[in-house]
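Written out below as structure tokens is the structure these notes cover.
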Amino acid sequence: MEKQSILYSYGFDKETKTSKHNIFKNYLSRKSIFKNKEFLLSSFIPDEILHRDKEIMEISSIIAPSLRGYKPNNIFIYGGVGTGKTICIKKVLEQLNEISLQNKSNIKTIYINCKMKRVADTEYRLLAQLLNEVGVLVPDTGLPTDVLYKKFFNEIDKKKQIILIVLDEIDALIRKVGDEFLYNLIRINSELNNTKISVIGITNDLTFTNYLDARIKSSLGEEEIIFHPYNAMQLRDILKQRAKEAFNKNTIKINIINKCAAIAAQEHGDARRALDLLRVAGEIAERENSSEILEKHVNIAEEKIELDTIIETIRSLPKQSQAILYAIINNKSENKISTKEVFSEYKKICLKNNLRVLTQRRVSDLINELDILGIIDTKVISKGRYGRTREISLLITNDILDNAKKILIPIFE
DNA sequence: AGTCCACAGGAAGGGCAGGCGA
DNA sequence: TCGCCTGCCCTTCCTGTGGACT
């Protein structure tokens, strides 16, 4: 889009003379589509969580004994992306904290997202985060892990209490560092005099228990709860509930909500996706100076969300990974390419740009990472007498490819 | 049935930056 | 200051593997 048209699409009037009028005056004089955009954030916790009564009751009945001073069973919560796992557990914790405050029960709840980069994505960082939650500050690095364990257990055992530790996206951490830390957290109950710890693990990978040691599997999986995807009708209810608070009157019709719900329901019943769609469609409508959200805004939003996520991912890749991706993009043939071909193209790019050439082993790992990010697709195939290799192809659409080139060409050409 | 290719991918460890405690 | 610890990125060495070829 040209600079000028971007400006007009943000609602700036063509006739505005910057010298005479404040350029933002026009923007402020228009009535906004949004009443409160916060209601459309997936992190927002509404008073009432729709279509998850059963799951909330299940979780609360398991952790309720903590109010009487008993250690609740450990729980494993499974469910796909956007099925409401996090929001439900946060709601339950919120209510538990409220009632434990009233009853003066000694319950402490700790919520940690294990996927948060540089926050809790290693054993050390997880422990540092746990210590932080109980009021002990430790350096980002430098101490032996067992010292952190000791500090944590000493601190929490100072008074009689029950600690509920919620580890969201626990599969990410276990894949990275193994399951030893879970074993330590669970096992320690027998050594603490005053405090009892319960662990609630949340994951969207149903096969993830395969990575676990049998001891941990049996003790952590004392209770298991599965969150099923929302269907289109349920998503519609959720969107209706949020839209009522998020948008001003007469800015959105039910057909728009239905459309967003239908799109998200097709994509594994993801409520987060549905909310994003609605929010971005609203933003586009507002920029276009439209008084209400139209179907075309939802269509544009759908494309924009996909484009934005992948482009942002590519932009934030380390330079070596960008070079590898550029080598894959540079592949002139229509066919899939092999690791060897990518590696030889990658070497040329490095030499041209004074970039250190990594070994093929390392490049192979970085190719795997690009696969995990969903930018490329790789498949290990055997060519019999001619060995085994990986077939690599791009997963991105031509639109995204053009934008990716705009990022990579200035870096490597 | 055995051989062989060209890798994939696991394991171990090096080097670096950064922090702690003696 | 030094030894020891961490995470992170990387290399080196090695074993494993599927299927075409002999």
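By order in the structure tokens, chains are A, B, ...; within a chain, residues start at 1; ligands start at 1, following the order shown.
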Would you write out, as a tab-separated table, a table of all residues in chain A that have an atom no more than 10 Å from an atom of chain C, listing for each the closest atom pair and the distance in Å to one decimal, considering only C-alpha atoms (C1' of nucleotides) and ordering rows by chain and rising residue number?
residue	atom	partner	partner_atom	distance
A:Thr122	CA	C:DG7	C1'	8.4
A:Tyr124	CA	C:DT6	C1'	7.8
A:Arg125	CA	C:DG7	C1'	9.6
A:Asp140	CA	C:DT6	C1'	8.8
A:Thr141	CA	C:DT6	C1'	5.3
A:Gly142	CA	C:DT6	C1'	5.0
A:Leu143	CA	C:DC5	C1'	5.5
A:Pro144	CA	C:DC5	C1'	5.1
A:Thr145	CA	C:DT6	C1'	8.1
A:Leu358	CA	C:DC10	C1'	8.0
A:Thr359	CA	C:DT11	C1'	7.4
A:Arg361	CA	C:DT11	C1'	8.5
A:Arg362	CA	C:DC10	C1'	7.4
A:Val380	CA	C:DG18	C1'	9.8
A:Ile381	CA	C:DG18	C1'	7.7
A:Ser382	CA	C:DG18	C1'	5.3
A:Lys383	CA	C:DG19	C1'	6.5
A:Gly384	CA	C:DG19	C1'	3.9
A:Arg385	CA	C:DA20	C1'	4.4
A:Tyr386	CA	C:DA20	C1'	7.4
A:Gly387	CA	C:DG18	C1'	8.3
A:Arg388	CA	C:DG18	C1'	7.3
Checklist entry - Could you list, as a list of chain:residue names, every residue of chain B that has an atom within 6 Å of an atom of chain A, counting only C-alpha atoms (C1' of nucleotides)? => result B:DC5, B:DA6, B:DC7, B:DG19, B:DC20
Residues as selected, N, CA and C atoms (P, O5', C5', C4', C3', O3' and C1' of nucleotides), written as a compact mmCIF listing (two decimals), in the first residue's frame, can you do that?
# COMPACT_ATOMS: atom_id res chain seq x y z
P DC B 5 29.02 -46.53 -0.58
O5' DC B 5 28.09 -45.28 -0.89
C5' DC B 5 27.10 -45.37 -1.91
C4' DC B 5 25.89 -44.55 -1.50
C3' DC B 5 26.23 -43.20 -0.87
O3' DC B 5 25.63 -42.22 -1.68
C1' DC B 5 24.58 -44.36 0.41
P DA B 6 26.30 -40.79 -1.87
O5' DA B 6 25.43 -39.93 -0.83
C5' DA B 6 24.04 -39.77 -1.07
C4' DA B 6 23.39 -39.31 0.21
C3' DA B 6 24.12 -38.12 0.87
O3' DA B 6 23.17 -37.15 1.22
C1' DA B 6 23.77 -39.85 2.41
P DC B 7 23.57 -35.61 1.24
O5' DC B 7 22.56 -34.99 2.31
C5' DC B 7 22.84 -35.10 3.68
C4' DC B 7 21.94 -36.16 4.26
C3' DC B 7 21.52 -35.83 5.67
O3' DC B 7 20.25 -35.22 5.59
C1' DC B 7 22.10 -38.14 5.42
P DG B 19 25.64 -10.10 35.15
O5' DG B 19 25.65 -11.08 36.40
C5' DG B 19 24.50 -11.90 36.63
C4' DG B 19 24.85 -12.87 37.75
C3' DG B 19 25.40 -12.18 38.99
O3' DG B 19 24.58 -12.50 40.11
C1' DG B 19 26.77 -14.01 38.33
P DC B 20 24.88 -11.89 41.51
O5' DC B 20 25.54 -13.12 42.25
C5' DC B 20 24.85 -14.35 42.32
C4' DC B 20 25.69 -15.34 43.11
C3' DC B 20 26.22 -14.78 44.42
O3' DC B 20 25.86 -15.65 45.46
C1' DC B 20 27.99 -15.68 43.10
Next on the checklist: Residues within 10 Å of Leu317 in chain A, please, as a list in words. Count only C-alpha atoms (C1' of nucleotides); anything in the same chain fewer than 6 positions from it doesn't count.
Outcome noted: Ala323, Leu325 and Leu370 of chain A
Checklist entry - So which residues of range 85-275 of chain A fall under helix (DSSP H, G or I) by DSSP, listed as number ranges by chain? => result A: 85-103, 123-133, 145-156, 170-177, 180-190, 208-211, 214-220, 232-246, 254-266, 271-275
Next on the checklist: Under the rule that only C-alpha atoms are counted, which of A:Glu295, A:Asp399, A:Asp270, A:Asp308 is the nearest residue to Arg236 in chain A?
Outcome noted: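 Checking each candidate against Arg236 in chain A, we get A:Asp270 as the closest.
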Next on the checklist: I want to know what sits within 7 Å of Ile392 in chain A, based on only C-alpha atoms (C1' of nucleotides), with residues of the same chain fewer than 4 positions away left out; could you give that as a list of chain:residue names?
Outcome noted: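 Contacts, in chain order: A:Lys336, A:Ile337, A:Ser338, A:Ile376, A:Asp377, A:Thr378, A:Lys379.
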Checklist entry - Which residues in range 104-336 of chain A does DSSP call strand (DSSP E)? List them as an MDAnalysis selection string. => result chainID A and resid 107:113 161:168 195:203 223:227
Any chance you can output those residues with N, CA and C atoms as a PDB file, in the first residue's frame?
ATOM      1  N   ILE A 107      -3.500 -20.565  51.737  1.00  0.00           N
ATOM      2  CA  ILE A 107      -3.327 -21.142  50.410  1.00  0.00           C
ATOM      3  C   ILE A 107      -2.594 -20.130  49.546  1.00  0.00           C
ATOM      4  N   LYS A 108      -1.589 -20.610  48.842  1.00  0.00           N
ATOM      5  CA  LYS A 108      -0.875 -19.719  47.916  1.00  0.00           C
ATOM      6  C   LYS A 108      -0.979 -20.326  46.527  1.00  0.00           C
ATOM      7  N   THR A 109      -1.380 -19.524  45.558  1.00  0.00           N
ATOM      8  CA  THR A 109      -1.449 -20.041  44.189  1.00  0.00           C
ATOM      9  C   THR A 109      -0.398 -19.340  43.337  1.00  0.00           C
ATOM     10  N   ILE A 110       0.258 -20.133  42.516  1.00  0.00           N
ATOM     11  CA  ILE A 110       1.300 -19.581  41.630  1.00  0.00           C
ATOM     12  C   ILE A 110       0.995 -20.033  40.207  1.00  0.00           C
ATOM     13  N   TYR A 111       0.885 -19.071  39.295  1.00  0.00           N
ATOM     14  CA  TYR A 111       0.652 -19.412  37.888  1.00  0.00           C
ATOM     15  C   TYR A 111       1.892 -19.049  37.089  1.00  0.00           C
ATOM     16  N   ILE A 112       2.418 -20.014  36.339  1.00  0.00           N
ATOM     17  CA  ILE A 112       3.613 -19.744  35.518  1.00  0.00           C
ATOM     18  C   ILE A 112       3.402 -20.305  34.116  1.00  0.00           C
ATOM     19  N   ASN A 113       3.672 -19.465  33.113  1.00  0.00           N
ATOM     20  CA  ASN A 113       3.621 -19.958  31.735  1.00  0.00           C
ATOM     21  C   ASN A 113       5.029 -20.390  31.326  1.00  0.00           C
ATOM     22  N   GLN A 161       1.167 -24.119  55.056  1.00  0.00           N
ATOM     23  CA  GLN A 161       0.369 -23.636  53.930  1.00  0.00           C
ATOM     24  C   GLN A 161       0.262 -24.684  52.826  1.00  0.00           C
ATOM     25  N   ILE A 162      -0.666 -24.426  51.923  1.00  0.00           N
ATOM     26  CA  ILE A 162      -0.802 -25.282  50.741  1.00  0.00           C
ATOM     27  C   ILE A 162      -0.467 -24.438  49.527  1.00  0.00           C
ATOM     28  N   ILE A 163       0.412 -24.939  48.687  1.00  0.00           N
ATOM     29  CA  ILE A 163       0.798 -24.180  47.503  1.00  0.00           C
ATOM     30  C   ILE A 163       0.330 -24.905  46.254  1.00  0.00           C
ATOM     31  N   LEU A 164      -0.428 -24.186  45.436  1.00  0.00           N
ATOM     32  CA  LEU A 164      -0.866 -24.741  44.151  1.00  0.00           C
ATOM     33  C   LEU A 164      -0.018 -24.110  43.056  1.00  0.00           C
ATOM     34  N   ILE A 165       0.758 -24.924  42.379  1.00  0.00           N
ATOM     35  CA  ILE A 165       1.597 -24.395  41.302  1.00  0.00           C
ATOM     36  C   ILE A 165       0.989 -24.801  39.967  1.00  0.00           C
ATOM     37  N   VAL A 166       0.578 -23.806  39.197  1.00  0.00           N
ATOM     38  CA  VAL A 166       0.033 -24.090  37.871  1.00  0.00           C
ATOM     39  C   VAL A 166       1.135 -23.866  36.840  1.00  0.00           C
ATOM     40  N   LEU A 167       1.451 -24.896  36.089  1.00  0.00           N
ATOM     41  CA  LEU A 167       2.487 -24.786  35.049  1.00  0.00           C
ATOM     42  C   LEU A 167       1.808 -24.887  33.687  1.00  0.00           C
ATOM     43  N   ASP A 168       1.589 -23.735  33.077  1.00  0.00           N
ATOM     44  CA  ASP A 168       0.912 -23.696  31.775  1.00  0.00           C
ATOM     45  C   ASP A 168       1.923 -24.018  30.685  1.00  0.00           C
ATOM     46  N   THR A 195       4.521 -27.300  54.677  1.00  0.00           N
ATOM     47  CA  THR A 195       3.865 -26.972  53.412  1.00  0.00           C
ATOM     48  C   THR A 195       3.589 -28.205  52.563  1.00  0.00           C
ATOM     49  N   LYS A 196       2.487 -28.147  51.834  1.00  0.00           N
ATOM     50  CA  LYS A 196       2.181 -29.198  50.869  1.00  0.00           C
ATOM     51  C   LYS A 196       2.061 -28.541  49.495  1.00  0.00           C
ATOM     52  N   ILE A 197       2.667 -29.179  48.486  1.00  0.00           N
ATOM     53  CA  ILE A 197       2.623 -28.619  47.136  1.00  0.00           C
ATOM     54  C   ILE A 197       1.769 -29.495  46.229  1.00  0.00           C
ATOM     55  N   SER A 198       0.869 -28.866  45.475  1.00  0.00           N
ATOM     56  CA  SER A 198       0.147 -29.579  44.412  1.00  0.00           C
ATOM     57  C   SER A 198       0.497 -28.932  43.089  1.00  0.00           C
ATOM     58  N   VAL A 199       0.634 -29.750  42.076  1.00  0.00           N
ATOM     59  CA  VAL A 199       0.999 -29.220  40.761  1.00  0.00           C
ATOM     60  C   VAL A 199      -0.150 -29.427  39.783  1.00  0.00           C
ATOM     61  N   ILE A 200      -0.470 -28.362  39.062  1.00  0.00           N
ATOM     62  CA  ILE A 200      -1.471 -28.468  38.000  1.00  0.00           C
ATOM     63  C   ILE A 200      -0.751 -28.199  36.685  1.00  0.00           C
ATOM     64  N   GLY A 201      -0.657 -29.220  35.851  1.00  0.00           N
ATOM     65  CA  GLY A 201       0.025 -29.063  34.561  1.00  0.00           C
ATOM     66  C   GLY A 201      -0.982 -28.851  33.451  1.00  0.00           C
ATOM     67  N   ILE A 202      -0.713 -27.863  32.603  1.00  0.00           N
ATOM     68  CA  ILE A 202      -1.614 -27.604  31.469  1.00  0.00           C
ATOM     69  C   ILE A 202      -0.829 -27.820  30.178  1.00  0.00           C
ATOM     70  N   THR A 203      -1.416 -28.544  29.254  1.00  0.00           N
ATOM     71  CA  THR A 203      -0.722 -28.792  27.988  1.00  0.00           C
ATOM     72  C   THR A 203      -1.723 -28.885  26.839  1.00  0.00           C
ATOM     73  N   GLU A 223      -5.293 -36.741  38.618  1.00  0.00           N
ATOM     74  CA  GLU A 223      -6.579 -36.336  38.040  1.00  0.00           C
ATOM     75  C   GLU A 223      -6.305 -35.807  36.639  1.00  0.00           C
ATOM     76  N   GLU A 224      -7.150 -36.161  35.689  1.00  0.00           N
ATOM     77  CA  GLU A 224      -6.962 -35.664  34.328  1.00  0.00           C
ATOM     78  C   GLU A 224      -8.248 -35.031  33.827  1.00  0.00           C
ATOM     79  N   ILE A 225      -8.100 -33.870  33.240  1.00  0.00           N
ATOM     80  CA  ILE A 225      -9.277 -33.183  32.701  1.00  0.00           C
ATOM     81  C   ILE A 225      -8.996 -32.817  31.253  1.00  0.00           C
ATOM     82  N   ILE A 226      -9.951 -33.104  30.399  1.00  0.00           N
ATOM     83  CA  ILE A 226      -9.741 -32.793  28.981  1.00  0.00           C
ATOM     84  C   ILE A 226     -10.694 -31.677  28.547  1.00  0.00           C
ATOM     85  N   PHE A 227     -10.162 -30.674  27.905  1.00  0.00           N
ATOM     86  CA  PHE A 227     -10.961 -29.587  27.351  1.00  0.00           C
ATOM     87  C   PHE A 227     -11.176 -29.852  25.859  1.00  0.00           C
TER      88      PHE A 227
END
Item to check | All residues 9 Å or closer to range 51-62 of chain A, only C-alpha atoms (C1' of nucleotides), same chain fewer than 3 positions away omitted, as a list in words | outcome: Pro65, Ser66, Pro72, Asn73, Asn74, Ile75, Gly84, Lys85, Cys88, Ile89, Lys91, Val92, Leu93, Leu96, Glu223, Ile225, Ile226, Phe227, Tyr230, Gln234, Asp237 and Ile238 of chain A
